[in-house]
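Novice: Sending over a structure as structure tokens; questions will come in a sec.
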Amino acid sequence: MSSAGVSPCVPRFLSIAIVWSALAWGQDAPRVEIDSVSAEGNSRVEFVSRDLRELPPGTAQADGEAIQTASTRDARYAFSLLSVRRLPRNRFYTYTFQLRENEGRRRVFQAEINAAVIGQFVDLEKGVQFHVLVGERRSTGTIQLPLHPADVVRDCRDATGFLDEKPAEVSLTGLTRLTIKLECQSTLEREIRWLKSPEGRHANYWKSLAIQSDYFKDGKPARPVTSKDFVLVELQLEPRPLSALASRVSRLWGKDVYHDRIVLEFGSVLQPAGQLTPHRFEIPVAFQPPYELLALFLGIGVVLGWLVSLSVPAIRSSRGGLPHLGLSVIVALGASVFSLAAYAKECQLKIFGLDMNPFDVVMQFLLGIAVSLLVSNRNWVRTRLKLFAEKALVVVILLASVSGLRAGTIPARLDLIGLSACPGDDIVGLSKDGTLYRFSTTNVGQVVTAGRITLGHEFLELTCTQLPGGGGPVAVVSAKFASFGTLFVMNVATGSWKTRSLGADWKAGVAFDVSEDWLYLISVQSKTIDRLRLGGSAKGPPQYWADVYGDTYSLGSLALDKKRSRLLVGDAYKRNIRTIDLKTKQQKTLVEGVGEMASLSIDVERDVCYVADQGKAIVWSFPLSQQNPKATPFAKGFGADRLSGVAAARDGLVWVSDFTNAKVYVLNSQGKVIRTLP
């Protein structure tokens, strides 16, 4: 029976046509799949198709307007990335693509594909395979896609090289320009979204602080950053001379080794769709007074010393007067010129137990006083020298007795650049001035000065070991002078040392394999592992041994896992430790997330590796017996500020050095502090 006079055959045929058309279109409609991609470590990004629709004619975007465009290998399709956006409050990004047919009906489709982010990695661009499927036919291609982590990752560091030990030099008179260069990991295009004016911690020291940037002008982004290494800003610094001079006096009782810090903050976004990432850098500065001011303070010191010599009858010279004052000025100027020459050669001078920086007004003042007292009262000096010569034996005996009484006492400051455990159970630590201290593990608290390296080098790393053929423990120290590397080998028992040139490429980490007589060193500039022999009469520079593969930025820490015949190589910037097999040279990432490591130490008895994280002041530990170990905090929050070394003793105690506070912490097997030195 028909309804409304309509033939029942019409809707039947119409239904069949609609179903047939839908099936035909469905068989002809493409599907898009994108392979999952791995990122740094165990991180990965998984793509899940969400929507695919055909665009009406005339609404498609030109391929040239897309972020990236790629074709399938059979040239049937063009696949273009139109946009990327982050879905708020979750770990997903949505990628919008356009798929264009290059033959046949030349239809255009738009696809939205979600990307789930698993793990943490630095934003990057990577080639990702995509597939277009139509029935049984599959077309494949590769497109470069930007990949972003779910959480903010700071991937830039200051590459200018200003450190507390080597601050930026700022003239007390006039304008000083400093170029701040950054080194970043991500290869994606970067946009500087905001840039704060620089600030000094002591605002009264500064008359003006200004910046100029090619990437941020007039309160908005000027142009994108297209390289990993770039000059962020040029700082223009103009101090207030009188206020800034007070900074040197305040350092006499403070902990800072610099005069002030310049704080620089900015925010950047990696394109496209990266997250706004804030960055903060602190630049230590040291004020450099003009020569006129140095001469003035030197002259004041000379005059003051001369007046003191005239006012004290016990030391007044019978011929004291203006001629002696003039001679004092000449000698003081000569001494000052000598200190300038030594400073230019990066040699180390000390006066009154303090580092002699010729650009330091206080040191010039003290130098003037010392020279004036000596020169203006040479008769008194001559008399005292004669008395000393007559009583030399008594003085030597007295000094020896005093030294014997002080042996084993704790120095006032232990500003160590590193620690190492010796074969004889003791721990050695190297101070920044080249003094090697020996810490007793049987009588915790007893410290002996083993020796001192008197050459003006910058000391980088040390290890305590034993040379082939036996003998006592020796400390092997890697150092640099300008850009040249030097190796020091000191006998811990006698304090005697010898040097060995490492060539123009200075070395960082050191590890010694006693059984094979190979000393392994990290070559900082070439990012390779070199080695040399120490035993016998071995000579010559180190030889290349192996490359360190992958993205490496700040190699420095090195340790030898003799039980598994492998090296442990630490990257402070990547915050991971990789292994290199000593026989096959095969490499792999062993553990991640161990912070900005300053030192590694292996507890052979317990098969555990300890890591000193200087950034967070945490001591991490992980078992060496596991294939993929996970680092856990062994000790944190124990009062340290900037860890510089860690050493695991055979008795289970772990020794940790704190460079900022100039202390050494002794930890038990549970990570608790049982002794603080000094």
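In the structure tokens, each chain is lettered A, B, ... as it comes, each chain's residues begin at 1, and ligands are numbered from 1 in order of appearance.
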Can you tell me, as a count of residues only, what residues are no more than 6 Å from A:Met490 when counting only C-alpha atoms, ignoring any on the same chain fewer than 4 positions away?
Specialist: 4
Novice: DSSP on the backbone, strand (DSSP E or B) only: what residues of stretch 114-264 of chain A does that give? Format it as a ChimeraX atom specification.
Specialist: /A:114-118,124-134,137-147,156-158,168-171,176-184,190-195,199-200,206-212,216-217,220-221,225,229-239,260-264
Novice: Hey, which of A:Asp426, A:Glu605, A:Asp155, A:Asp581 ends up closest to A:Trp655? Count only C-alpha atoms.
Specialist: A:Asp426
Novice: Residues at most 7 Å from stretch 533-548 of chain A, counting only C-alpha atoms, excluding those fewer than 5 positions away in the same chain, as a short mmCIF file (atom, residue, chain, number, x, y, z; two decimals) with N, CA, C and O atoms, in the first residue's frame?
Specialist:
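Below you can see result-v9.cif, which holds the result:
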```
data_model
loop_
_atom_site.label_atom_id
_atom_site.label_comp_id
_atom_site.auth_asym_id
_atom_site.auth_seq_id
_atom_site.Cartn_x
_atom_site.Cartn_y
_atom_site.Cartn_z
N LEU A 467 100.09 4.43 41.28
CA LEU A 467 100.76 4.17 40.01
C LEU A 467 101.12 2.70 39.88
O LEU A 467 101.30 2.01 40.90
N PRO A 468 101.23 2.21 38.65
CA PRO A 468 101.65 0.81 38.47
C PRO A 468 103.00 0.55 39.12
O PRO A 468 103.90 1.39 39.08
N SER A 501 102.43 18.19 30.03
CA SER A 501 101.60 19.00 29.13
C SER A 501 100.51 18.15 28.50
O SER A 501 100.73 17.02 28.08
N LEU A 502 99.30 18.75 28.41
CA LEU A 502 98.17 18.09 27.76
C LEU A 502 97.83 18.74 26.43
O LEU A 502 96.82 18.40 25.81
N GLY A 503 98.64 19.70 25.99
CA GLY A 503 98.40 20.32 24.70
C GLY A 503 97.43 21.48 24.78
O GLY A 503 97.05 21.96 25.85
N ASP A 517 97.29 0.73 33.18
CA ASP A 517 98.10 1.95 33.10
C ASP A 517 97.57 2.91 32.02
O ASP A 517 98.32 3.40 31.18
N TRP A 518 96.28 3.19 32.07
CA TRP A 518 95.69 4.16 31.15
C TRP A 518 94.96 5.22 31.96
O TRP A 518 94.08 4.90 32.77
N LEU A 519 95.34 6.46 31.75
CA LEU A 519 94.63 7.59 32.34
C LEU A 519 93.69 8.15 31.27
O LEU A 519 94.14 8.59 30.21
N LYS A 527 85.23 17.15 22.46
CA LYS A 527 84.23 16.20 22.97
C LYS A 527 84.63 14.76 22.66
O LYS A 527 83.86 13.99 22.10
N THR A 528 85.85 14.44 23.02
CA THR A 528 86.37 13.09 22.85
C THR A 528 86.96 12.62 24.17
O THR A 528 87.18 13.40 25.10
#
```
Novice: Do you know which residues are at most 9 Å from A:Val329 counting only C-alpha atoms, after dropping those on the same chain fewer than 3 positions away, and could you put them as a list of chain:residue names?
Specialist: A:Leu298, A:Gly299, A:Val302, A:Val303, A:His324, A:Leu325, A:Gly326, A:Ala332, A:Leu333, A:Gly334, A:Gly368, A:Val371, A:Ser372
Novice: Export C-alpha atoms of the chosen residues as a PDB file, in the first residue's frame?
Specialist:
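The resulting file, again.pdb, is shown below:
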```pdb
ATOM      1  CA  LEU A 298      99.057  53.051  46.443  1.00  0.00           C
ATOM      2  CA  GLY A 299     100.326  56.542  47.326  1.00  0.00           C
ATOM      3  CA  VAL A 302     103.002  54.588  51.103  1.00  0.00           C
ATOM      4  CA  VAL A 303     102.441  57.853  52.984  1.00  0.00           C
ATOM      5  CA  HIS A 324     113.189  57.498  51.979  1.00  0.00           C
ATOM      6  CA  LEU A 325     109.606  58.459  51.156  1.00  0.00           C
ATOM      7  CA  GLY A 326     110.579  58.990  47.523  1.00  0.00           C
ATOM      8  CA  ALA A 332     105.919  50.519  45.437  1.00  0.00           C
ATOM      9  CA  LEU A 333     105.346  51.471  41.801  1.00  0.00           C
ATOM     10  CA  GLY A 334     107.808  48.811  40.707  1.00  0.00           C
ATOM     11  CA  GLY A 368     101.986  50.743  49.721  1.00  0.00           C
ATOM     12  CA  VAL A 371     106.777  48.741  50.972  1.00  0.00           C
ATOM     13  CA  SER A 372     106.970  51.998  52.919  1.00  0.00           C
TER      14      SER A 372
END
```
Novice: With a distance cut-off of 9 Å and only C-alpha atoms, select the neighbouring residues of stretch 53-70 of chain A, excluding the residue or stretch itself and same-chain residues fewer than 5 positions from it, and output the selection as a PyMOL selection string.
Specialist: chain A and resi 29+77-83+97-98+100+107-111+141-145+272
Novice: Put those residues in a file: C-alpha atoms, as an mmCIF file, in the first residue's frame.
Specialist:
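What follows is the written file out_14.cif:
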```
data_model
loop_
_atom_site.group_PDB
_atom_site.id
_atom_site.type_symbol
_atom_site.label_atom_id
_atom_site.label_comp_id
_atom_site.auth_asym_id
_atom_site.auth_seq_id
_atom_site.Cartn_x
_atom_site.Cartn_y
_atom_site.Cartn_z
ATOM 1 C CA ALA A 29 38.144 8.242 1.204
ATOM 2 C CA TYR A 77 49.619 13.243 -2.156
ATOM 3 C CA ALA A 78 50.936 16.483 -0.689
ATOM 4 C CA PHE A 79 50.793 16.592 3.119
ATOM 5 C CA SER A 80 51.040 20.023 4.795
ATOM 6 C CA LEU A 81 51.168 21.120 8.440
ATOM 7 C CA LEU A 82 48.877 24.133 8.928
ATOM 8 C CA SER A 83 49.025 24.752 12.670
ATOM 9 C CA PHE A 97 47.131 19.015 8.455
ATOM 10 C CA GLN A 98 45.984 19.431 4.879
ATOM 11 C CA ARG A 100 45.910 17.245 -1.226
ATOM 12 C CA ARG A 107 40.324 16.597 -3.614
ATOM 13 C CA VAL A 108 41.644 18.368 -0.522
ATOM 14 C CA PHE A 109 41.105 17.065 3.019
ATOM 15 C CA GLN A 110 41.800 18.565 6.427
ATOM 16 C CA ALA A 111 42.912 16.305 9.268
ATOM 17 C CA GLY A 141 56.188 9.992 3.156
ATOM 18 C CA THR A 142 58.245 11.870 5.756
ATOM 19 C CA ILE A 143 57.444 15.337 7.111
ATOM 20 C CA GLN A 144 59.430 17.493 9.517
ATOM 21 C CA LEU A 145 57.273 18.196 12.571
ATOM 22 C CA PRO A 272 55.209 26.983 16.523
#
```
Novice: Could you name the residues that touch stretch 112-125 of chain A at 7 Å or less, counting only C-alpha atoms, but leaving out those on the same chain fewer than 6 positions away, as number ranges by chain?
Specialist: A: 39-40, 42-52, 91-97, 144-150, 153, 155, 186-188
Novice: Can I get the selection written as a PDB file, in the first residue's frame, with C-alpha atoms?
Specialist:
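Output saved as part_25.pdb:
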```
ATOM      1  CA  ALA A  39      62.519  11.725  21.764  1.00  0.00           C
ATOM      2  CA  GLU A  40      65.278  12.166  24.315  1.00  0.00           C
ATOM      3  CA  ASN A  42      62.572   7.162  26.977  1.00  0.00           C
ATOM      4  CA  SER A  43      60.282  10.021  25.919  1.00  0.00           C
ATOM      5  CA  ARG A  44      57.978   9.680  22.929  1.00  0.00           C
ATOM      6  CA  VAL A  45      55.122  11.352  21.088  1.00  0.00           C
ATOM      7  CA  GLU A  46      52.126   9.287  19.952  1.00  0.00           C
ATOM      8  CA  PHE A  47      49.801  10.564  17.196  1.00  0.00           C
ATOM      9  CA  VAL A  48      46.099   9.638  17.178  1.00  0.00           C
ATOM     10  CA  SER A  49      43.785  10.610  14.260  1.00  0.00           C
ATOM     11  CA  ARG A  50      40.761  12.550  15.408  1.00  0.00           C
ATOM     12  CA  ASP A  51      38.982  13.991  12.378  1.00  0.00           C
ATOM     13  CA  LEU A  52      39.283  13.969   8.575  1.00  0.00           C
ATOM     14  CA  ARG A  91      49.515  16.599  27.832  1.00  0.00           C
ATOM     15  CA  PHE A  92      48.161  16.836  24.277  1.00  0.00           C
ATOM     16  CA  TYR A  93      48.911  18.944  21.225  1.00  0.00           C
ATOM     17  CA  THR A  94      46.590  19.156  18.225  1.00  0.00           C
ATOM     18  CA  TYR A  95      48.211  19.233  14.769  1.00  0.00           C
ATOM     19  CA  THR A  96      46.097  20.434  11.839  1.00  0.00           C
ATOM     20  CA  PHE A  97      47.131  19.015   8.455  1.00  0.00           C
ATOM     21  CA  GLN A 144      59.430  17.493   9.517  1.00  0.00           C
ATOM     22  CA  LEU A 145      57.273  18.196  12.571  1.00  0.00           C
ATOM     23  CA  PRO A 146      57.922  20.383  15.619  1.00  0.00           C
ATOM     24  CA  LEU A 147      57.640  18.319  18.815  1.00  0.00           C
ATOM     25  CA  HIS A 148      57.031  19.965  22.180  1.00  0.00           C
ATOM     26  CA  PRO A 149      57.133  18.568  25.722  1.00  0.00           C
ATOM     27  CA  ALA A 150      54.119  18.818  27.993  1.00  0.00           C
ATOM     28  CA  VAL A 153      61.993  22.796  29.680  1.00  0.00           C
ATOM     29  CA  ASP A 155      67.147  24.591  27.211  1.00  0.00           C
ATOM     30  CA  SER A 186      66.556  23.250  20.575  1.00  0.00           C
ATOM     31  CA  THR A 187      66.878  23.811  16.829  1.00  0.00           C
ATOM     32  CA  LEU A 188      63.383  25.283  16.528  1.00  0.00           C
TER      33      LEU A 188
END
```
Novice: To one decimal place, how far is atom CA of A:Leu600 from atom CA of A:Ala635 in Å?
Specialist: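 Those two atoms sit 14.5 Å apart.
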Novice: Report the distance between atom CA of A:Ile34 and atom CA of A:Arg154 in Å, rounded to one decimal place.
Specialist: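 Between atom CA of A:Ile34 and atom CA of A:Arg154 the gap works out to 27.9 Å.
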Novice: Stretch 107-340 of chain A: which residues are alpha helix (DSSP H) by DSSP, as number ranges by chain?
Specialist: A: 241-250, 291-311, 322-340
Novice: Which residue gives the smallest distance to A:Thr465 among A:Thr277, A:Ser420, A:Gln626, A:Thr226, with only C-alpha atoms counted?
Specialist: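 Looking at the shortest contact to A:Thr465, the residue is A:Ser420.
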Novice: Can you work out the spacing between atom CA of A:Met363 and atom CA of A:Glu238 in Å, to one decimal?
Specialist: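 Going from atom CA of A:Met363 over to atom CA of A:Glu238 covers 23.4 Å.
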Novice: Give me the residues near stretch 651-654 of chain A as a ChimeraX atom specification, where near means some atom within 6 Å (using only C-alpha atoms) and where sequence neighbours in that chain fewer than 3 positions away do not count.
Specialist: /A:647-648,666-669
Novice: Using N, CA and C atoms, can you export the residues from the last selection as a tab-separated table (two decimals), in the first residue's frame?
Specialist:
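Written file, selection.tsv:
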```
chain	number	residue	atom	x	y	z
A	647	ALA	N	83.11	11.88	47.30
A	647	ALA	CA	84.04	10.75	47.37
A	647	ALA	C	83.47	9.72	48.33
A	648	ALA	N	83.39	8.48	47.85
A	648	ALA	CA	82.87	7.37	48.66
A	648	ALA	C	84.03	6.60	49.27
A	666	VAL	N	80.46	15.10	55.97
A	666	VAL	CA	80.67	13.65	56.04
A	666	VAL	C	79.31	13.01	56.30
A	667	LEU	N	78.88	12.15	55.38
A	667	LEU	CA	77.56	11.52	55.45
A	667	LEU	C	77.69	10.04	55.76
A	668	ASN	N	76.75	9.52	56.55
A	668	ASN	CA	76.74	8.08	56.81
A	668	ASN	C	76.01	7.34	55.70
A	669	SER	N	75.83	6.05	55.85
A	669	SER	CA	75.23	5.24	54.78
A	669	SER	C	73.77	5.57	54.54
```
Novice: Which one of A:Gly424, A:Gly593, A:Gly418, A:Pro221 sits closest to A:Ala508 if you count only C-alpha atoms?
Specialist: A:Gly418
